[in-house]
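Chemist: target.pdb is the file, holding PDB, C-alpha atoms:
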```pdb
MODEL        1
ATOM      1  CA  MET M 249       0.000   0.000   0.000  1.00  0.00           C
ATOM      2  CA  LYS M 250       2.804   2.384   0.878  1.00  0.00           C
ATOM      3  CA  GLY M 251       4.504   1.889  -2.554  1.00  0.00           C
ATOM      4  CA  ARG M 252       1.227   2.452  -4.384  1.00  0.00           C
ATOM      5  CA  ALA M 253       0.555   5.738  -2.546  1.00  0.00           C
ATOM      6  CA  MET M 254       4.084   6.890  -3.310  1.00  0.00           C
ATOM      7  CA  LYS M 255       3.515   6.239  -7.058  1.00  0.00           C
ATOM      8  CA  TYR M 256       0.356   8.366  -6.970  1.00  0.00           C
ATOM      9  CA  ILE M 257       2.142  11.201  -5.160  1.00  0.00           C
ATOM     10  CA  ILE M 258       5.056  11.154  -7.606  1.00  0.00           C
ATOM     11  CA  GLY M 259       2.644  10.961 -10.545  1.00  0.00           C
ATOM     12  CA  PHE M 260       0.615  13.878  -9.143  1.00  0.00           C
ATOM     13  CA  ILE M 261       3.770  16.008  -8.645  1.00  0.00           C
ATOM     14  CA  LEU M 262       4.939  15.246 -12.212  1.00  0.00           C
ATOM     15  CA  LEU M 263       1.498  16.162 -13.554  1.00  0.00           C
ATOM     16  CA  ILE M 264       1.558  19.489 -11.688  1.00  0.00           C
ATOM     17  CA  LEU M 265       5.087  20.219 -12.935  1.00  0.00           C
ATOM     18  CA  LEU M 266       4.055  19.363 -16.478  1.00  0.00           C
ATOM     19  CA  MET M 267       0.981  21.588 -16.313  1.00  0.00           C
ATOM     20  CA  THR M 268       2.799  24.580 -14.820  1.00  0.00           C
ATOM     21  CA  GLY M 269       5.636  24.214 -17.317  1.00  0.00           C
ATOM     22  CA  CYS M 270       3.224  24.258 -20.251  1.00  0.00           C
ATOM     23  CA  SER M 271       1.085  27.109 -18.999  1.00  0.00           C
ATOM     24  CA  GLY M 272       3.973  29.530 -18.394  1.00  0.00           C
ATOM     25  CA  LYS M 273       4.160  32.684 -20.446  1.00  0.00           C
ATOM     26  CA  GLU M 274       6.200  32.574 -23.634  1.00  0.00           C
ATOM     27  CA  ALA M 275       9.620  34.191 -23.286  1.00  0.00           C
ATOM     28  CA  ASN M 276       9.893  37.632 -24.824  1.00  0.00           C
ATOM     29  CA  VAL M 277      12.464  37.157 -27.617  1.00  0.00           C
ATOM     30  CA  PRO M 278      13.826  40.419 -29.074  1.00  0.00           C
ATOM     31  CA  ASP M 279      13.340  40.935 -32.793  1.00  0.00           C
ATOM     32  CA  LEU M 280      16.929  40.472 -34.017  1.00  0.00           C
ATOM     33  CA  ASP M 281      16.185  41.664 -37.579  1.00  0.00           C
ATOM     34  CA  ASN M 282      14.743  44.918 -36.264  1.00  0.00           C
ATOM     35  CA  ARG M 283      17.696  45.491 -33.940  1.00  0.00           C
ATOM     36  CA  MET M 284      20.265  44.670 -36.646  1.00  0.00           C
ATOM     37  CA  SER M 285      18.621  47.025 -39.150  1.00  0.00           C
ATOM     38  CA  LYS M 286      19.690  49.862 -36.835  1.00  0.00           C
ATOM     39  CA  VAL M 287      23.314  48.680 -37.184  1.00  0.00           C
ATOM     40  CA  PHE M 288      23.380  47.737 -40.854  1.00  0.00           C
ATOM     41  CA  SER M 289      21.102  47.061 -43.811  1.00  0.00           C
ATOM     42  CA  TYR M 290      21.478  46.597 -47.547  1.00  0.00           C
ATOM     43  CA  GLU M 291      19.379  46.866 -50.689  1.00  0.00           C
ATOM     44  CA  LEU M 292      19.977  45.829 -54.277  1.00  0.00           C
ATOM     45  CA  ASN M 293      19.927  48.633 -56.881  1.00  0.00           C
ATOM     46  CA  GLN M 294      18.601  51.273 -54.461  1.00  0.00           C
ATOM     47  CA  VAL M 295      19.965  54.783 -53.979  1.00  0.00           C
ATOM     48  CA  GLU M 296      19.314  57.355 -51.275  1.00  0.00           C
ATOM     49  CA  PRO M 297      17.629  60.384 -52.926  1.00  0.00           C
ATOM     50  CA  GLU M 298      20.411  62.767 -51.880  1.00  0.00           C
ATOM     51  CA  HIS M 299      23.035  60.467 -53.484  1.00  0.00           C
ATOM     52  CA  SER M 300      21.268  59.775 -56.780  1.00  0.00           C
ATOM     53  CA  GLU M 301      23.218  62.067 -59.112  1.00  0.00           C
ATOM     54  CA  GLN M 302      26.663  61.152 -57.752  1.00  0.00           C
ATOM     55  CA  VAL M 303      25.893  57.421 -57.694  1.00  0.00           C
ATOM     56  CA  ARG M 304      24.540  57.545 -61.255  1.00  0.00           C
ATOM     57  CA  ASP M 305      27.788  59.195 -62.485  1.00  0.00           C
ATOM     58  CA  TRP M 306      30.030  56.896 -60.443  1.00  0.00           C
ATOM     59  CA  LEU M 307      28.188  53.783 -61.644  1.00  0.00           C
ATOM     60  CA  ALA M 308      28.355  54.852 -65.304  1.00  0.00           C
ATOM     61  CA  LYS M 309      32.149  55.336 -65.043  1.00  0.00           C
ATOM     62  CA  ALA M 310      32.603  52.020 -63.223  1.00  0.00           C
ATOM     63  CA  ARG M 311      30.569  50.117 -65.807  1.00  0.00           C
ATOM     64  CA  GLN M 312      32.469  51.731 -68.655  1.00  0.00           C
ATOM     65  CA  SER M 313      36.017  51.403 -67.316  1.00  0.00           C
ATOM     66  CA  GLY M 314      35.877  48.316 -65.109  1.00  0.00           C
ATOM     67  CA  LYS M 315      37.209  44.883 -65.907  1.00  0.00           C
ATOM     68  CA  GLU M 316      35.131  41.736 -65.331  1.00  0.00           C
ATOM     69  CA  GLY M 317      35.110  40.908 -61.600  1.00  0.00           C
ATOM     70  CA  GLN M 318      36.546  44.276 -60.500  1.00  0.00           C
ATOM     71  CA  PHE M 319      34.999  45.910 -57.402  1.00  0.00           C
ATOM     72  CA  PHE M 320      34.153  49.610 -57.128  1.00  0.00           C
ATOM     73  CA  VAL M 321      33.048  51.372 -53.935  1.00  0.00           C
ATOM     74  CA  HIS M 322      31.541  54.833 -53.491  1.00  0.00           C
ATOM     75  CA  SER M 323      31.047  56.020 -49.895  1.00  0.00           C
ATOM     76  CA  PHE M 324      29.042  58.809 -48.296  1.00  0.00           C
ATOM     77  CA  ARG M 325      29.619  60.077 -44.778  1.00  0.00           C
ATOM     78  CA  ASN M 326      27.653  63.020 -43.429  1.00  0.00           C
ATOM     79  CA  ASP M 327      28.408  64.822 -40.162  1.00  0.00           C
ATOM     80  CA  THR M 328      24.690  65.268 -39.458  1.00  0.00           C
ATOM     81  CA  ASP M 329      23.738  61.613 -40.052  1.00  0.00           C
ATOM     82  CA  GLU M 330      24.458  58.669 -37.758  1.00  0.00           C
ATOM     83  CA  TYR M 331      24.880  56.391 -40.797  1.00  0.00           C
ATOM     84  CA  MET M 332      27.381  55.998 -43.579  1.00  0.00           C
ATOM     85  CA  TYR M 333      26.538  54.592 -46.985  1.00  0.00           C
ATOM     86  CA  ASN M 334      28.674  52.384 -49.209  1.00  0.00           C
ATOM     87  CA  TYR M 335      27.617  51.625 -52.744  1.00  0.00           C
ATOM     88  CA  VAL M 336      29.383  48.509 -54.023  1.00  0.00           C
ATOM     89  CA  TYR M 337      29.518  47.443 -57.642  1.00  0.00           C
ATOM     90  CA  ARG M 338      31.279  44.418 -59.085  1.00  0.00           C
ATOM     91  CA  LYS M 339      31.494  44.298 -62.851  1.00  0.00           C
ATOM     92  CA  GLY M 340      29.387  41.337 -64.012  1.00  0.00           C
ATOM     93  CA  ALA M 341      27.662  40.594 -60.677  1.00  0.00           C
ATOM     94  CA  SER M 342      23.866  40.509 -60.791  1.00  0.00           C
ATOM     95  CA  ASP M 343      23.414  39.836 -57.068  1.00  0.00           C
ATOM     96  CA  TYR M 344      25.386  40.186 -53.836  1.00  0.00           C
ATOM     97  CA  GLU M 345      25.905  38.258 -50.643  1.00  0.00           C
ATOM     98  CA  VAL M 346      26.170  40.752 -47.770  1.00  0.00           C
ATOM     99  CA  SER M 347      26.909  39.498 -44.254  1.00  0.00           C
ATOM    100  CA  PHE M 348      27.548  41.261 -40.973  1.00  0.00           C
ATOM    101  CA  ILE M 349      30.150  39.458 -38.870  1.00  0.00           C
ATOM    102  CA  TYR M 350      30.669  40.262 -35.219  1.00  0.00           C
ATOM    103  CA  SER M 351      33.141  38.698 -32.805  1.00  0.00           C
ATOM    104  CA  PRO M 352      32.848  39.644 -29.122  1.00  0.00           C
ATOM    105  CA  ASP M 353      36.470  38.495 -28.671  1.00  0.00           C
ATOM    106  CA  ASP M 354      37.824  41.219 -30.985  1.00  0.00           C
ATOM    107  CA  THR M 355      37.852  44.401 -28.917  1.00  0.00           C
ATOM    108  CA  ARG M 356      39.419  46.483 -31.727  1.00  0.00           C
ATOM    109  CA  SER M 357      36.509  46.039 -34.133  1.00  0.00           C
ATOM    110  CA  LYS M 358      32.749  46.311 -33.737  1.00  0.00           C
ATOM    111  CA  GLY M 359      32.336  43.994 -36.708  1.00  0.00           C
ATOM    112  CA  SER M 360      32.810  43.667 -40.412  1.00  0.00           C
ATOM    113  CA  VAL M 361      30.583  43.609 -43.446  1.00  0.00           C
ATOM    114  CA  HIS M 362      31.534  40.893 -45.939  1.00  0.00           C
ATOM    115  CA  VAL M 363      30.436  41.605 -49.535  1.00  0.00           C
ATOM    116  CA  SER M 364      30.689  39.171 -52.422  1.00  0.00           C
ATOM    117  CA  GLY M 365      29.341  39.647 -55.942  1.00  0.00           C
ATOM    118  CA  ILE M 366      27.502  36.538 -57.116  1.00  0.00           C
ATOM    119  CA  ASN M 367      25.326  35.329 -60.002  1.00  0.00           C
ATOM    120  CA  HIS M 368      27.397  36.702 -62.845  1.00  0.00           C
ATOM    121  CA  SER M 369      25.426  37.786 -65.907  1.00  0.00           C
ATOM    122  CA  ALA M 370      25.260  40.527 -68.497  1.00  0.00           C
ATOM    123  CA  ASN M 371      22.677  42.370 -66.358  1.00  0.00           C
ATOM    124  CA  ASP M 372      24.931  43.520 -63.542  1.00  0.00           C
ATOM    125  CA  SER M 373      23.750  45.402 -60.472  1.00  0.00           C
ATOM    126  CA  PHE M 374      25.037  47.167 -57.353  1.00  0.00           C
ATOM    127  CA  VAL M 375      24.252  47.080 -53.650  1.00  0.00           C
ATOM    128  CA  LYS M 376      23.703  49.922 -51.179  1.00  0.00           C
ATOM    129  CA  ILE M 377      24.998  49.186 -47.681  1.00  0.00           C
ATOM    130  CA  LYS M 378      23.827  51.432 -44.849  1.00  0.00           C
ATOM    131  CA  LEU M 379      25.670  51.057 -41.550  1.00  0.00           C
ATOM    132  CA  ILE M 380      26.240  52.997 -38.387  1.00  0.00           C
ATOM    133  CA  ASP M 381      28.969  55.580 -38.847  1.00  0.00           C
ATOM    134  CA  ASP M 382      31.687  53.851 -36.846  1.00  0.00           C
ATOM    135  CA  LEU M 383      35.158  53.590 -38.340  1.00  0.00           C
ATOM    136  CA  SER M 384      35.842  50.342 -36.451  1.00  0.00           C
ATOM    137  CA  ILE M 385      33.449  48.486 -38.776  1.00  0.00           C
ATOM    138  CA  GLN M 386      35.343  47.142 -41.779  1.00  0.00           C
ATOM    139  CA  VAL M 387      33.898  46.472 -45.216  1.00  0.00           C
ATOM    140  CA  ILE M 388      35.525  43.410 -46.808  1.00  0.00           C
ATOM    141  CA  LEU M 389      35.145  42.807 -50.546  1.00  0.00           C
ATOM    142  CA  SER M 390      35.628  39.197 -51.577  1.00  0.00           C
ATOM    143  CA  ASP M 391      35.643  37.118 -54.725  1.00  0.00           C
ATOM    144  CA  ASP M 392      34.191  34.174 -52.796  1.00  0.00           C
ATOM    145  CA  PRO M 393      30.907  33.974 -50.871  1.00  0.00           C
ATOM    146  CA  LEU M 394      31.310  33.627 -47.111  1.00  0.00           C
ATOM    147  CA  GLY M 395      30.028  30.014 -47.137  1.00  0.00           C
ATOM    148  CA  LYS M 396      32.837  28.973 -49.461  1.00  0.00           C
ATOM    149  CA  LYS M 397      35.434  30.721 -47.284  1.00  0.00           C
ATOM    150  CA  LEU M 398      34.137  28.873 -44.199  1.00  0.00           C
ATOM    151  CA  GLN M 399      34.268  25.507 -46.015  1.00  0.00           C
ATOM    152  CA  ASP M 400      37.883  26.103 -47.028  1.00  0.00           C
ATOM    153  CA  GLN M 401      39.011  26.497 -43.406  1.00  0.00           C
TER     154      GLN M 401
ENDMDL
END
```
Hey, can you dump this file as structure tokens for me?

Modeler:
Amino acid sequence: MKGRAMKYIIGFILLILLMTGCSGKEANVPDLDNRMSKVFSYELNQVEPEHSEQVRDWLAKARQSGKEGQFFVHSFRNDTDEYMYNYVYRKGASDYEVSFIYSPDDTRSKGSVHVSGINHSANDSFVKIKLIDDLSIQVILSDDPLGKKLQDQ
């Protein structure tokens, strides 16, 4: 009888624990995409209105003079804006892989933006990268997508 009562008590306690565990409120998970968009964002073939004329001229020169696979960068930094803008063009690239890499172990850098031109075709494009105006963030241009670089290591 004593063993049977103990089984019921243990079963009852497990049932209570199971019910309270399932009825708890869902943890409030911060929206990482929203938070990261305040640090950096990118868009294909988009230009800030105040940059349109300069980017149009820069892009025309890059397309005319560049060699296949060559990168071109045009940057804008404004004392009144908390962001800087980098326009990246790679001759022959129709799309771009853009990744933000952050290492808490590296105290000298707040991160880096890795850019690789992909999907080569006759219809090339460019990418606008908007990031917080902090000179410790590096922009790395690469011939290889980040996934390939990680596989090679």

Chemist: Might you spell out which residues the PyMOL selection byres ((chain M and resi 293-296) around 9) would select in the displayed file, as a tab-separated table (two decimals) with C-alpha atoms, in the frame of the given file?

Modeler:
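In the end it all went to expr_7.tsv:
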```tsv
chain	number	residue	atom	x	y	z
M	290	TYR	CA	21.48	46.60	-47.55
M	291	GLU	CA	19.38	46.87	-50.69
M	292	LEU	CA	19.98	45.83	-54.28
M	297	PRO	CA	17.63	60.38	-52.93
M	298	GLU	CA	20.41	62.77	-51.88
M	299	HIS	CA	23.04	60.47	-53.48
M	300	SER	CA	21.27	59.78	-56.78
M	303	VAL	CA	25.89	57.42	-57.69
M	333	TYR	CA	26.54	54.59	-46.98
M	335	TYR	CA	27.62	51.62	-52.74
M	373	SER	CA	23.75	45.40	-60.47
M	374	PHE	CA	25.04	47.17	-57.35
M	375	VAL	CA	24.25	47.08	-53.65
M	376	LYS	CA	23.70	49.92	-51.18
```

Chemist: Determine the axis-aligned bounding box of all atoms of stretch 363-374 of chain M present in the file, pad each side by 8 Å, and express its centre and edge lengths in Å to one decimal place as lines of an AutoDock Vina configuration file.

Modeler:
```
center_x = 26.7
center_y = 41.2
center_z = -59.0
size_x = 24.0
size_y = 27.8
size_z = 35.0
```

Chemist: Any idea what's packed within 10 Å of M:Asn367, counting all atoms listed in the file, ignoring anything in its chain fewer than 5 positions away? Could you give it as a tab-separated table (two decimals) with C-alpha atoms, in the frame of the given file?

Modeler:
```
chain	number	residue	atom	x	y	z
M	340	GLY	CA	29.39	41.34	-64.01
M	341	ALA	CA	27.66	40.59	-60.68
M	342	SER	CA	23.87	40.51	-60.79
M	343	ASP	CA	23.41	39.84	-57.07
M	344	TYR	CA	25.39	40.19	-53.84
M	345	GLU	CA	25.90	38.26	-50.64
M	372	ASP	CA	24.93	43.52	-63.54
```

Chemist: What does the structure give for the distance between atom CA of M:Leu307 and atom CA of M:Val336, in Å to one decimal?

Modeler: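 Separation of atom CA of M:Leu307 and atom CA of M:Val336: 9.3 Å.
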
Chemist: Could you list, as a list in words, every residue matched by the PyMOL selection byres ((chain M and resi 319) around 8) in this structure?

Modeler: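 So the PyMOL selection byres ((chain M and resi 319) around 8) ends up selecting Gly317, Gln318, Phe320, Val321, Val336, Tyr337, Arg338, Lys339 and Leu389 of chain M.
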
Chemist: So how far away is atom CA of M:Phe288 from atom CA of M:Val346, in Å?

Modeler: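 Calculated distance between atom CA of M:Val346 and atom CA of M:Phe288 is 10.2 Å.
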
Chemist: Record the distance separating atom CA of M:Asp305 and atom CA of M:Ser390, expressed in Å with one decimal.

Modeler: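 We find that atom CA of M:Asp305 and atom CA of M:Ser390 lie 24.1 Å from each other.
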
Chemist: So which residues touch M:Met332 within 8 Å, counting only C-alpha atoms, skipping near sequence neighbours fewer than 4 positions away, as an MDAnalysis selection string?

Modeler: chainID M and resid 323:326 378:381

Chemist: Pull C-alpha atoms from the residues just selected and write them as a compact mmCIF listing (two decimals), in the frame of the given file.

Modeler:
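Dumped to out.txt:
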```
# COMPACT_ATOMS: atom_id res chain seq x y z
CA SER M 323 31.05 56.02 -49.90
CA PHE M 324 29.04 58.81 -48.30
CA ARG M 325 29.62 60.08 -44.78
CA ASN M 326 27.65 63.02 -43.43
CA LYS M 378 23.83 51.43 -44.85
CA LEU M 379 25.67 51.06 -41.55
CA ILE M 380 26.24 53.00 -38.39
CA ASP M 381 28.97 55.58 -38.85
```

Chemist: Could you pull the residues within 12 Å of M:Val287, counting all atoms listed in the file, minus those fewer than 4 positions along the same chain, as JSON, numbers by chain?

Modeler: {"M": [280, 281, 282, 283, 330, 331, 332, 333, 348, 349, 350, 358, 359, 360, 361, 377, 378, 379, 380, 381, 382, 385]}
